[in-house]
$ cat input15.tsv   # TSV, C-alpha atoms
chain	number	residue	atom	x	y	z
A	29	MET	CA	-6.48	-14.73	-12.71
A	30	ASN	CA	-8.25	-13.19	-15.68
A	31	PRO	CA	-5.41	-12.12	-18.03
A	32	HIS	CA	-7.68	-9.51	-19.63
A	33	TRP	CA	-8.54	-7.75	-16.37
A	34	ARG	CA	-7.83	-4.04	-16.46
A	35	PRO	CA	-8.14	-2.16	-13.18
A	36	ILE	CA	-10.34	0.90	-12.90
A	37	ARG	CA	-8.62	3.79	-11.15
A	38	SER	CA	-9.52	3.46	-7.48
A	39	PHE	CA	-8.46	6.93	-6.33
A	40	VAL	CA	-9.18	10.59	-6.98
A	41	LEU	CA	-6.25	12.95	-7.44
A	42	ARG	CA	-6.70	15.51	-4.71
A	43	THR	CA	-5.85	19.12	-5.44
A	44	GLY	CA	-3.93	19.82	-2.23
A	45	ARG	CA	-0.98	22.09	-2.87
A	46	GLU	CA	2.55	20.94	-2.26
A	47	THR	CA	4.34	23.12	0.28
A	48	PRO	CA	7.76	24.60	-0.49
A	49	GLY	CA	9.28	22.28	2.12
A	50	GLN	CA	7.74	19.21	0.55
A	51	ALA	CA	8.96	20.27	-2.89
A	52	ARG	CA	12.48	20.84	-1.55
A	53	ALA	CA	12.47	17.40	0.08
A	54	ARG	CA	11.45	15.71	-3.17
A	55	GLU	CA	14.13	17.52	-5.15
A	56	ALA	CA	16.93	17.14	-2.61
A	57	LEU	CA	16.17	13.60	-1.43
A	58	GLY	CA	14.77	11.92	-4.52
A	59	ALA	CA	18.12	10.44	-5.46
A	60	ARG	CA	18.31	8.77	-2.03
A	61	TYR	CA	14.76	7.51	-1.59
A	62	ALA	CA	12.88	7.51	-4.90
A	63	ILE	CA	12.50	4.45	-7.11
A	64	PRO	CA	12.18	5.30	-10.82
A	65	TRP	CA	9.01	4.20	-12.55
A	66	PRO	CA	9.73	0.84	-14.20
A	67	GLU	CA	9.67	0.84	-18.00
A	68	ALA	CA	10.18	-2.95	-18.13
A	69	PRO	CA	10.02	-5.82	-15.61
A	70	LEU	CA	12.65	-5.36	-12.92
A	71	PRO	CA	15.25	-8.12	-12.50
A	72	ALA	CA	14.89	-10.57	-9.63
A	73	ASP	CA	17.72	-9.00	-7.60
A	74	TYR	CA	16.58	-5.39	-8.00
A	75	TRP	CA	15.14	-5.00	-4.52
A	76	ASP	CA	18.13	-6.68	-2.90
A	77	ARG	CA	20.32	-4.01	-4.51
A	78	SER	CA	18.02	-1.10	-3.67
A	79	PHE	CA	18.21	-1.19	0.14
A	80	ASP	CA	20.90	-1.00	2.78
A	81	VAL	CA	19.16	-3.80	4.71
A	82	ASP	CA	18.08	-7.24	3.52
A	83	GLY	CA	14.99	-7.99	5.62
A	84	PRO	CA	11.53	-8.94	4.34
A	85	LEU	CA	9.99	-6.63	1.75
A	86	THR	CA	6.71	-4.83	2.50
A	87	LEU	CA	4.67	-2.90	-0.05
A	88	GLU	CA	2.39	-0.14	1.27
A	89	ILE	CA	-0.12	1.10	-1.27
A	90	GLY	CA	-1.32	4.64	-0.58
A	91	PHE	CA	0.72	5.94	2.36
A	92	GLY	CA	-0.95	9.37	2.42
A	93	MET	CA	1.36	11.87	4.11
A	94	GLY	CA	3.65	9.06	5.23
A	95	GLY	CA	3.64	9.56	8.99
A	96	SER	CA	2.50	6.05	9.87
A	97	LEU	CA	4.83	4.44	7.32
A	98	ALA	CA	7.83	6.29	8.74
A	99	ALA	CA	6.83	5.19	12.24
A	100	MET	CA	6.55	1.55	11.16
A	101	ALA	CA	9.93	1.71	9.44
A	102	ALA	CA	11.51	3.16	12.57
A	103	ALA	CA	9.99	0.37	14.68
A	104	GLU	CA	11.26	-2.36	12.30
A	105	PRO	CA	14.63	-1.13	10.99
A	106	THR	CA	15.53	-4.45	9.37
A	107	ARG	CA	12.28	-4.69	7.37
A	108	ARG	CA	12.33	-3.14	3.90
A	109	PHE	CA	9.39	-0.92	2.94
A	110	LEU	CA	8.35	0.32	-0.48
A	111	GLY	CA	5.74	3.04	-0.13
A	112	VAL	CA	3.66	4.00	-3.16
A	113	GLU	CA	1.54	7.13	-3.37
A	114	VAL	CA	-0.03	9.10	-6.22
A	115	HIS	CA	-0.20	12.45	-4.42
A	116	THR	CA	2.87	14.64	-4.71
A	117	PRO	CA	2.59	16.39	-1.30
A	118	GLY	CA	2.65	13.05	0.47
A	119	VAL	CA	5.77	11.95	-1.38
A	120	GLY	CA	7.66	15.05	-0.26
A	121	ALA	CA	6.35	14.79	3.30
A	122	LEU	CA	7.48	11.17	3.62
A	123	MET	CA	10.95	11.90	2.24
A	124	ALA	CA	11.34	14.74	4.72
A	125	ALA	CA	10.32	12.43	7.57
A	126	LEU	CA	12.76	9.74	6.44
A	127	GLU	CA	15.60	12.23	6.35
A	128	ALA	CA	14.70	13.72	9.73
A	129	GLN	CA	14.73	10.26	11.34
A	130	GLN	CA	17.69	8.98	9.28
A	131	LEU	CA	15.72	5.95	8.11
A	132	THR	CA	17.40	3.85	5.44
A	133	ASN	CA	14.86	1.02	5.05
A	134	VAL	CA	12.23	2.86	2.99
A	135	ARG	CA	12.01	3.58	-0.73
A	136	VAL	CA	9.32	5.66	-2.40
A	137	LEU	CA	7.51	5.31	-5.72
A	138	GLN	CA	5.03	7.88	-7.02
A	139	GLY	CA	2.20	6.67	-9.24
A	140	ASP	CA	-0.60	4.14	-9.57
A	141	VAL	CA	1.13	0.95	-8.48
A	142	VAL	CA	-1.70	-1.35	-9.56
A	143	ALA	CA	-0.81	-0.83	-13.22
A	144	ALA	CA	2.85	-1.64	-12.57
A	145	LEU	CA	2.72	-4.56	-10.13
A	146	ALA	CA	3.90	-7.15	-12.64
A	147	GLN	CA	6.82	-4.92	-13.66
A	148	LEU	CA	7.89	-4.14	-10.12
A	149	PHE	CA	7.90	-7.58	-8.53
A	150	GLN	CA	8.81	-11.09	-9.47
A	151	PRO	CA	6.49	-13.84	-8.13
A	152	GLY	CA	6.93	-14.42	-4.41
A	153	THR	CA	8.98	-11.25	-3.87
A	154	LEU	CA	6.77	-9.61	-1.25
A	155	ASP	CA	6.50	-10.60	2.38
A	156	ARG	CA	3.59	-8.29	3.11
A	157	VAL	CA	1.23	-5.88	1.38
A	158	GLN	CA	-0.47	-3.26	3.52
A	159	ILE	CA	-3.30	-1.00	2.40
A	160	PHE	CA	-4.63	1.29	5.09
A	161	PHE	CA	-7.85	3.25	4.59
A	162	PRO	CA	-8.27	3.02	0.84
A	163	ASP	CA	-11.10	5.08	-0.65
A	164	PRO	CA	-14.31	3.20	0.30
A	165	TRP	CA	-16.32	4.60	-2.62
A	166	PRO	CA	-19.48	4.43	-0.47
A	167	LYS	CA	-22.05	5.05	-3.20
A	168	LYS	CA	-23.28	1.81	-4.77
A	169	ARG	CA	-22.72	3.04	-8.32
A	170	HIS	CA	-19.05	3.61	-7.44
A	171	HIS	CA	-18.36	0.21	-5.87
A	172	LYS	CA	-16.67	-0.92	-9.08
A	173	ARG	CA	-13.90	1.59	-8.28
A	174	ARG	CA	-12.97	-0.07	-5.00
A	175	LEU	CA	-9.40	-1.36	-4.98
A	176	ILE	CA	-10.09	-4.52	-2.98
A	177	GLN	CA	-11.72	-6.84	-5.49
A	178	PRO	CA	-10.98	-10.48	-6.40
A	179	PRO	CA	-8.94	-9.85	-9.61
A	180	PHE	CA	-6.63	-7.51	-7.69
A	181	LEU	CA	-6.26	-10.00	-4.83
A	182	GLU	CA	-5.46	-12.75	-7.31
A	183	ARG	CA	-2.70	-10.59	-8.71
A	184	LEU	CA	-1.30	-9.89	-5.24
A	185	ALA	CA	-1.35	-13.61	-4.46
A	186	THR	CA	1.17	-14.25	-7.23
A	187	LEU	CA	3.57	-11.65	-5.80
A	188	VAL	CA	3.35	-12.43	-2.06
A	189	ARG	CA	5.37	-15.41	-0.86
A	190	PRO	CA	3.52	-18.39	0.64
A	191	GLY	CA	3.11	-17.60	4.32
A	192	GLY	CA	3.21	-13.85	3.62
A	193	HIS	CA	0.43	-11.45	4.49
A	194	CYS	CA	-1.99	-8.82	3.25
A	195	TRP	CA	-3.02	-6.29	5.87
A	196	LEU	CA	-5.97	-3.95	5.41
A	197	ALA	CA	-7.66	-1.31	7.52
A	198	THR	CA	-10.82	0.69	6.97
A	199	ASP	CA	-13.22	2.83	8.98
A	200	TRP	CA	-16.14	2.12	6.64
A	201	ALA	CA	-17.99	-0.96	7.90
A	202	PRO	CA	-19.66	-1.87	4.58
A	203	TYR	CA	-16.25	-1.82	2.90
A	204	ALA	CA	-14.80	-4.09	5.59
A	205	GLU	CA	-17.59	-6.57	4.84
A	206	ALA	CA	-16.93	-6.27	1.10
A	207	MET	CA	-13.22	-6.88	1.69
A	208	GLU	CA	-13.99	-10.13	3.52
A	209	VAL	CA	-16.23	-11.25	0.67
A	210	ALA	CA	-13.55	-10.41	-1.91
A	211	PHE	CA	-10.87	-12.39	-0.06
A	212	ALA	CA	-13.21	-15.33	0.44
A	213	ALA	CA	-13.53	-15.53	-3.36
A	214	VAL	CA	-9.76	-16.05	-3.77
A	215	PRO	CA	-8.64	-19.46	-2.41
A	216	ALA	CA	-5.00	-18.32	-2.10
A	217	TRP	CA	-5.84	-16.27	1.02
A	218	ARG	CA	-7.16	-17.11	4.48
A	219	ARG	CA	-8.29	-14.71	7.19
A	220	LEU	CA	-6.29	-14.75	10.41
A	221	PRO	CA	-7.79	-13.99	13.83
A	222	ALA	CA	-7.68	-10.44	15.12
A	223	GLU	CA	-4.97	-11.23	17.68
A	224	ALA	CA	-2.59	-12.19	14.87
A	225	CYS	CA	-2.63	-8.66	13.50
A	226	PRO	CA	0.52	-6.71	14.42
A	227	PRO	CA	0.31	-3.33	16.15
A	228	ARG	CA	0.49	-0.25	13.94
A	229	PRO	CA	0.47	3.52	14.41
A	230	GLU	CA	-2.67	5.53	13.71
A	231	THR	CA	-2.88	7.12	10.30
A	232	ARG	CA	-4.10	10.61	9.48
A	233	PHE	CA	-7.20	9.22	7.76
A	234	GLU	CA	-7.86	6.93	10.71
A	235	ARG	CA	-7.89	9.84	13.14
A	236	ARG	CA	-10.34	11.64	10.89
A	237	GLY	CA	-12.65	8.62	10.89
A	238	LEU	CA	-12.43	8.23	14.65
A	239	ARG	CA	-13.41	11.87	15.13
A	240	LYS	CA	-16.54	11.10	13.09
A	241	GLY	CA	-17.34	8.15	15.34
A	242	HIS	CA	-16.39	5.44	12.83
A	243	ALA	CA	-15.23	2.04	14.05
A	244	VAL	CA	-11.88	0.94	12.62
A	245	ALA	CA	-11.47	-2.61	11.33
A	246	ASP	CA	-8.10	-4.26	10.68
A	247	LEU	CA	-8.19	-7.35	8.48
A	248	TYR	CA	-5.18	-9.65	8.26
A	249	PHE	CA	-4.86	-12.39	5.65
A	250	GLN	CA	-2.20	-15.02	5.00
A	251	ARG	CA	-1.04	-16.29	1.63
A	252	LEU	CA	-1.58	-20.03	1.53
A	253	PRO	CA	1.03	-22.38	-0.04

$ encode --input "input15.tsv" --output "structure tokens"
Amino acid sequence: MNPHWRPIRSFVLRTGRETPGQARAREALGARYAIPWPEAPLPADYWDRSFDVDGPLTLEIGFGMGGSLAAMAAAEPTRRFLGVEVHTPGVGALMAALEAQQLTNVRVLQGDVVAALAQLFQPGTLDRVQIFFPDPWPKKRHHKRRLIQPPFLERLATLVRPGGHCWLATDWAPYAEAMEVAFAAVPAWRRLPAEACPPRPETRFERRGLRKGHAVADLYFQRLP
């Protein structure tokens, strides 16, 4: 991995207003679900101490309003999930959903996780990374802003255990093709067949794409030894 690589911000901060309920959820439930932003590399046992369960650790980058992440956590109560999102309304919405369903296997971090990956996780900590419907940046001049690029995948490969997975979904066909090209450039990953991909709930962005007639592609990759 290029040690001098600096990621370009791959998202736009939307201006959607936080509702009073979302704000109350963040304030009342932050102590239970929120992970503080790391100021230094976290110790190796940090994530073992941060959950009530000890199953495999999944990182979801960009959970939106959190509905699909809460559903996945409910379906796999022994799997640990860390959801990361930059948008404040989504953070409050997810915390409210976790409380309503009494889910204890999710923690929430607000911010741009790409800049903090090396501080959050020791090598081999993650069992799975999932990134559903990242911004496709469709205009050619904006392709450099796409999250899924070889330097980022090289960084993930150091943090995902051998045999672990990276799971992507997009409704923008040219981005799906670009994702495959990016993974092919990083020898640490191999594409698995479509039938190996686990089931997942629909996301809010996915439903929007389907209404527009977009085809959804799930891509599932395994970390090689």

$ closest_residue --input "input15.tsv" --among "A:Arg218, A:Arg108, A:Arg251, A:Arg173" --to "Gly152 in chain A" --atoms "all atoms listed in the file"
A:Arg251

$ closest_residue --input "input15.tsv" --among "A:Asp140, A:Pro215, A:Ala206, A:Phe149" --to "Lys172 in chain A" --atoms "all atoms listed in the file"
A:Ala206

$ closest_residue --input "input15.tsv" --among "A:Pro48, A:Pro105, A:Gly94, A:Pro71" --to "Arg232 in chain A" --atoms "only C-alpha atoms"
A:Gly94

$ closest_residue --input "input15.tsv" --among "A:Phe79, A:Phe211, A:Trp195, A:Trp165" --to "Pro226 in chain A" --atoms "all atoms listed in the file"
A:Trp195

$ closest_residue --input "input15.tsv" --among "A:Ala204, A:Ala144, A:Ala98, A:Leu85" --to "Thr231 in chain A" --atoms "all atoms listed in the file"
A:Ala98

$ closest_residue --input "input15.tsv" --among "A:Cys225, A:Leu252, A:Ala146, A:Val244" --to "Ala68 in chain A" --atoms "all atoms listed in the file"
A:Ala146

$ atom_distance --input "input15.tsv" --atom1 "CA of Gln177 in chain A" --atom2 "CA of His193 in chain A"
16.4 Å

$ atom_distance --input "input15.tsv" --atom1 "CA of Gly49 in chain A" --atom2 "CA of Gly95 in chain A"
15.5 Å
